[in-house]
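Chemist: One structure coming up, written as C-alpha cells, with questions to follow.
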Amino acid sequence: MEPIANPADPTIRIDSHLDGAQGRSLADDVLDGLTRPFKELPPKHFYDARGAELFDQICELPEYYPTRAERAILQESAAELAALTGAAELVELGSGTAAKTRVLLDALHEAGTLRRYVPVDVTESMVRECAQTLTEEYPGLRVHGVIGDFERHLDQVPDATGPRLVAFLGGTIGNFPPGSRRRFLREIAGLLGPDDHLLMGTDLVKDPDVLEAAYDDAQGVTAEFNRNVLRVLNRELDANFDPEDFDHIARFDPEHEWIEMRLRARREHTTHVRALDLPVRFAAGEELRTEISAKFTPERLRGDLSAAGLELVRWLTDPDELFALSLSRVADTPTAVASSNGSG
Ligand SMILES: C[S@@+](CC[C@H](N)C(=O)[O-])C[C@H]1O[C@@H](n2cnc3c(N)ncnc32)[C@H](O)[C@@H]1O
C-alpha cells in the first residue's frame with residue numbers, strides 16, 4: 001500500500017490497497033464461481049470505470065426508484081441526522097460518485113461539525129475524482145480516500161478523529177446473502193465507538209413488478225451493466241466472452257425476497273479464460289448469477305442489526321415507503337426505536 005498524498009493539496013490523502021490484489025480476487029472469484037455446478041460471480045466486479053458510469057445512468061432511469069427515494073429521505077432528514085450524530089467525519093462505504101452524499105455533507109457542513117470525509121470504494125477513478133471535487137466544494141474539508149475492497153480492507157479505514165458517521169447507501173448491503181450480511185455488519189460495527197453511528201440505505205419489499213422493472217429497464221442500461229462483467233473478464237483475465245451470447249435476466253425471488261440478476265447463455269458454447277487456462281462451458285439456457293439484491297422489512301433489518309450488536313436509533317422512509325434509511329449505533333443500552341415517515 002502506497003499512501004498518495006498530493007503535495008499540492010494537503011487536504012487530500014488517498015491510500016490504495018488494490019495494487020494487483022483486486023486482480024487476484026477476480027481470478028479467485030472466477031475460478032471458484034465459474035467452476036461450480038451453479039455459476040456465480042460477486043457483484044463487485046461490475047464496477048470498472050465503464051460499470052461505474054453505467055450505474056450512474058441507472059440511477060437516472062425512470063424505473064430505478066431507489067436513488068430518488070433515498071435522496072428524498074436524505075433531503076428530509078439530513079439536518080436531523082447532522083444534529084443527532086454531531087459527526088466530525090463521514091466514512092462512506094461504496095461511495096461511488098458521492099452524488100447523494102452531498103445532501104449529508106451539506107447538512108454536516110452547515111452544522112459546523114464536519115472535518116473529514118473518508119470515501120471507500122473499489123473504483124479508483126471514483127475515489128480520486130470525488131476527493132478532488134469535494135475539497136473544492138467544501139472549504140476546510142479534508143478527504144482521506146481509501147481505494148479498496150470493503151470486504152477485505154475495512155481495517156485500513158483511518159482511526160476516527162471525532163464523532164463518526166459511517167454511511168452505507170444505495171441499498172448495497174442487499175448484495176450480501178443473509179449470513180455474510182450479518183458478518184459484514186459486525187465488521188462495520190467494529191468501526192464504531194460509543195459516539196458513532198451507522199446510516200444505511202435499504203430497499204424495501206414491494207410489488208415484484210416494480211422491483212423487476214427497476215432491474216430490467218426499457219432502455220437496456222441495466223442489461224449493459226450486467227453484461228459489463230463479461231467485458232471486465234475479457235480485459236482482466238484475457239477471456240473471450242461474447243456479451244451478446246447472453247440475455248439479461250432480472251427476477252424477484254419471493255422465497256428469499258431478493259432480486260437476482262443473471263446472464264443466460266443464448267446457445268451452448270465454451271469460453272476460455274486464458275489467464276487461468278480455464279475453459280468454461282455453458283449449456284444453452286444456462287444461467288450465471290451476477291447479483292442478488294435483498295429487499296428489507298423493518299423486522300429483517302432490526303434482526304440483522306441486532307445480530308451485529310447494533311441497535312436502531314431512527315427508521316426513515318419516503319412517503320411511498322419504497323426505501324428506508326436506518327440510523328443505528330452500537331447497542332449498549334436497551335433498544336429505543338423511533339419510527340418516522342420522512343421527517344423523523
Ligand atoms: C450500488 S453502487 C452505490 C453507489 C452509491 N453509494 C450510491 O448510493 O449511489 C455500489 C458502489 O459500491 C462500490 N463497491 C461495490 N462492491 C465493493 C467492494 N467490495 N468494496 C468497495 N466498493 C465496492 C461500487 O464501486 C459502487 O460505487
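Residue numbering restarts at 1 in every chain; chains get A, B, ... in the order shown in the C-alpha cells, and ligands count up from 1 in that same order.
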Which parts of range 246-339 of chain A does DSSP call strand (DSSP E) when run on the backbone here, written out as a VMD selection string?
Modeler: chain A and resid 246 to 253 258 to 265 269 to 273 278 to 282 287 to 294 310 to 317 323 to 330 338 to 339
Chemist: Would you name the residues within 6 Å of ligand 1, counting only C-alpha atoms and all ligand atoms, and put them as a CSV table (one decimal) with N, CA, C and O atoms, in the first residue's frame?
Modeler:
```csv
chain,number,residue,atom,x,y,z
A,44,LYS,N,-19.2,-7.1,-7.1
A,44,LYS,CA,-18.2,-6.0,-7.0
A,44,LYS,C,-17.5,-5.9,-8.3
A,44,LYS,O,-16.9,-4.8,-8.6
A,47,TYR,N,-17.9,-3.1,-11.4
A,47,TYR,CA,-17.5,-1.7,-11.3
A,47,TYR,C,-16.1,-1.3,-11.7
A,47,TYR,O,-15.3,-0.9,-11.0
A,94,GLY,N,-18.5,2.2,-0.3
A,94,GLY,CA,-19.1,2.1,-1.7
A,94,GLY,C,-19.6,3.5,-2.1
A,94,GLY,O,-20.7,3.7,-2.5
A,95,SER,N,-18.7,4.5,-1.9
A,95,SER,CA,-19.1,5.9,-2.1
A,95,SER,C,-19.5,6.3,-3.5
A,95,SER,O,-20.2,7.2,-3.7
A,96,GLY,N,-18.9,5.6,-4.5
A,96,GLY,CA,-19.2,5.9,-5.9
A,96,GLY,C,-18.9,7.4,-6.2
A,96,GLY,O,-17.9,7.9,-5.8
A,121,ASP,N,-14.0,3.0,-1.8
A,121,ASP,CA,-14.6,2.4,-3.0
A,121,ASP,C,-13.5,1.6,-3.7
A,121,ASP,O,-12.3,1.9,-3.7
A,122,VAL,N,-14.0,0.6,-4.4
A,122,VAL,CA,-13.1,-0.3,-5.2
A,122,VAL,C,-12.8,0.4,-6.6
A,122,VAL,O,-11.8,0.0,-7.2
A,123,THR,N,-13.6,1.4,-7.0
A,123,THR,CA,-13.3,2.0,-8.3
A,123,THR,C,-12.4,3.2,-8.0
A,123,THR,O,-12.8,4.3,-7.5
A,148,GLY,N,-10.2,0.5,-2.1
A,148,GLY,CA,-10.1,-0.8,-1.6
A,148,GLY,C,-11.4,-1.6,-1.7
A,148,GLY,O,-12.4,-1.0,-2.1
A,149,ASP,N,-11.3,-2.8,-1.2
A,149,ASP,CA,-12.5,-3.7,-1.2
A,149,ASP,C,-13.0,-3.7,0.2
A,149,ASP,O,-12.3,-4.1,1.2
A,150,PHE,N,-14.2,-3.2,0.4
A,150,PHE,CA,-14.7,-3.0,1.8
A,150,PHE,C,-14.9,-4.4,2.5
A,150,PHE,O,-15.0,-4.5,3.7
A,151,GLU,N,-14.9,-5.5,1.7
A,151,GLU,CA,-14.9,-6.8,2.3
A,151,GLU,C,-13.6,-7.2,2.9
A,151,GLU,O,-13.5,-8.1,3.7
A,169,LEU,N,-24.8,3.6,1.6
A,169,LEU,CA,-26.1,4.0,1.0
A,169,LEU,C,-26.3,3.1,-0.3
A,169,LEU,O,-25.5,2.2,-0.6
A,170,GLY,N,-27.4,3.4,-0.9
A,170,GLY,CA,-27.7,2.8,-2.2
A,170,GLY,C,-28.2,1.4,-2.1
A,170,GLY,O,-28.4,0.7,-3.2
A,172,THR,N,-26.7,-1.2,-1.1
A,172,THR,CA,-25.6,-2.1,-1.4
A,172,THR,C,-25.5,-3.3,-0.4
A,172,THR,O,-25.1,-4.4,-0.7
```
Chemist: Choose the residue, out of A:Asp106, A:Glu124, A:Asp253, A:Asp245, that has the smallest atom-to-atom separation from Phe282 in chain A; count only C-alpha atoms.
Modeler: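 The closest residue to Phe282 in chain A is A:Asp245.
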Chemist: So which one's closest to Arg264 in chain A, A:Leu310, A:Lys39, A:Ala87, A:Leu316? Using only C-alpha atoms, please.
Modeler: A:Lys39
Chemist: With distances taken over only C-alpha atoms, which residue among A:Val229, A:Leu165, A:Leu237, A:Leu322 lies nearest Pro42 in chain A?
Modeler: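 Under the stated criterion, the closest residue is A:Val229.
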Chemist: Can you tell me, as a PyMOL selection string, which residues in range 122-337 of chain A count as alpha helix (DSSP H) by DSSP?
Modeler: chain A and resi 124-137+178-189+208-214+221-237+298-307
Chemist: Using only C-alpha atoms for the distances, tell me which of A:Pro37, A:Gly220, A:Pro279, A:Pro208 is nearest to Arg251 in chain A.
Modeler: A:Pro208
Chemist: Counting only C-alpha atoms, figure out which residue out of A:Thr97, A:Thr35, A:Gln219, A:Thr161 gets nearest to Tyr64 in chain A.
Modeler: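 Counting only C-alpha atoms, the residue closest to Tyr64 in chain A is A:Gln219.
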Chemist: Measuring between only C-alpha atoms, which one of A:Leu141, A:Leu288, A:Ile73, A:Val120 shows the shortest distance to His17 in chain A?
Modeler: A:Val120
Chemist: What is the CA of Ile259 in chain A to CA of Asn226 in chain A distance in Å?
Modeler: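 Between CA of Ile259 in chain A and CA of Asn226 in chain A the gap is 13.3 Å.
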Chemist: For Pro243 in chain A, please output as a count of residues only all residues within 8 Å (counting only C-alpha atoms; exclusion window: fewer than 2 positions along the same chain).
Modeler: 7
Chemist: With 7 Å as the cut-off and only C-alpha atoms counted, what is the closest atom pair between each nearby residue of range 148-206 of chain A and range 292-299 of chain A? Distances in Å to one decimal, ordered by chain and number, as a Markdown table.
Modeler:
```
| residue | atom | partner | partner_atom | distance |
| --- | --- | --- | --- | --- |
| A:Gly174 | CA | A:Ala294 | CA | 4.2 |
| A:Asn175 | CA | A:Ser293 | CA | 4.7 |
| A:Thr202 | CA | A:Phe296 | CA | 6.5 |
| A:Asp203 | CA | A:Lys295 | CA | 5.2 |
| A:Leu204 | CA | A:Phe296 | CA | 4.6 |
| A:Val205 | CA | A:Lys295 | CA | 4.9 |
```
Chemist: Could you pull the residues within 10 Å of Cys130 in chain A, counting only C-alpha atoms, minus those fewer than 5 positions along the same chain, as number ranges by chain?
Modeler: A: 95-99, 119, 125, 135-136, 143, 145
Chemist: Please build the interface table for range 56-94 of chain A against range 182-189 of chain A with a cut-off of 12 Å, listing for each qualifying residue the nearest atom pair and the distance in Å to one decimal; count only C-alpha atoms, order rows by chain and increasing number, and write it as a Markdown table.
Modeler:
```
| residue | atom | partner | partner_atom | distance |
| --- | --- | --- | --- | --- |
| A:Val91 | CA | A:Ile188 | CA | 10.7 |
| A:Glu92 | CA | A:Ile188 | CA | 11.0 |
| A:Leu93 | CA | A:Ile188 | CA | 9.5 |
```
Chemist: Store the residues picked out above in a file with N, CA, C and O atoms, as a PDB file, in the first residue's frame.
Modeler:
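As written to disk, out27.pdb reads:
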```
ATOM      1  N   VAL A  91     -17.548   8.563   7.021  1.00  0.00           N
ATOM      2  CA  VAL A  91     -16.880   7.459   6.312  1.00  0.00           C
ATOM      3  C   VAL A  91     -17.939   6.848   5.422  1.00  0.00           C
ATOM      4  O   VAL A  91     -19.001   6.460   5.910  1.00  0.00           O
ATOM      5  N   GLU A  92     -17.682   6.773   4.116  1.00  0.00           N
ATOM      6  CA  GLU A  92     -18.720   6.216   3.236  1.00  0.00           C
ATOM      7  C   GLU A  92     -18.219   4.970   2.514  1.00  0.00           C
ATOM      8  O   GLU A  92     -17.222   5.002   1.784  1.00  0.00           O
ATOM      9  N   LEU A  93     -18.925   3.865   2.720  1.00  0.00           N
ATOM     10  CA  LEU A  93     -18.556   2.598   2.088  1.00  0.00           C
ATOM     11  C   LEU A  93     -19.249   2.494   0.731  1.00  0.00           C
ATOM     12  O   LEU A  93     -20.460   2.702   0.640  1.00  0.00           O
TER      13      LEU A  93
END
```
Chemist: If you measure from CA of Leu41 in chain A to CA of Thr290 in chain A, what distance in Å do you get, rounded to one decimal?
Modeler: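 Computing the Euclidean distance for CA of Leu41 in chain A and CA of Thr290 in chain A yields 5.1 Å.
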Chemist: Go ahead and compute the interatomic distance for CA of Leu325 in chain A and CA of Leu90 in chain A, in Å to one decimal.
Modeler: 15.7 Å
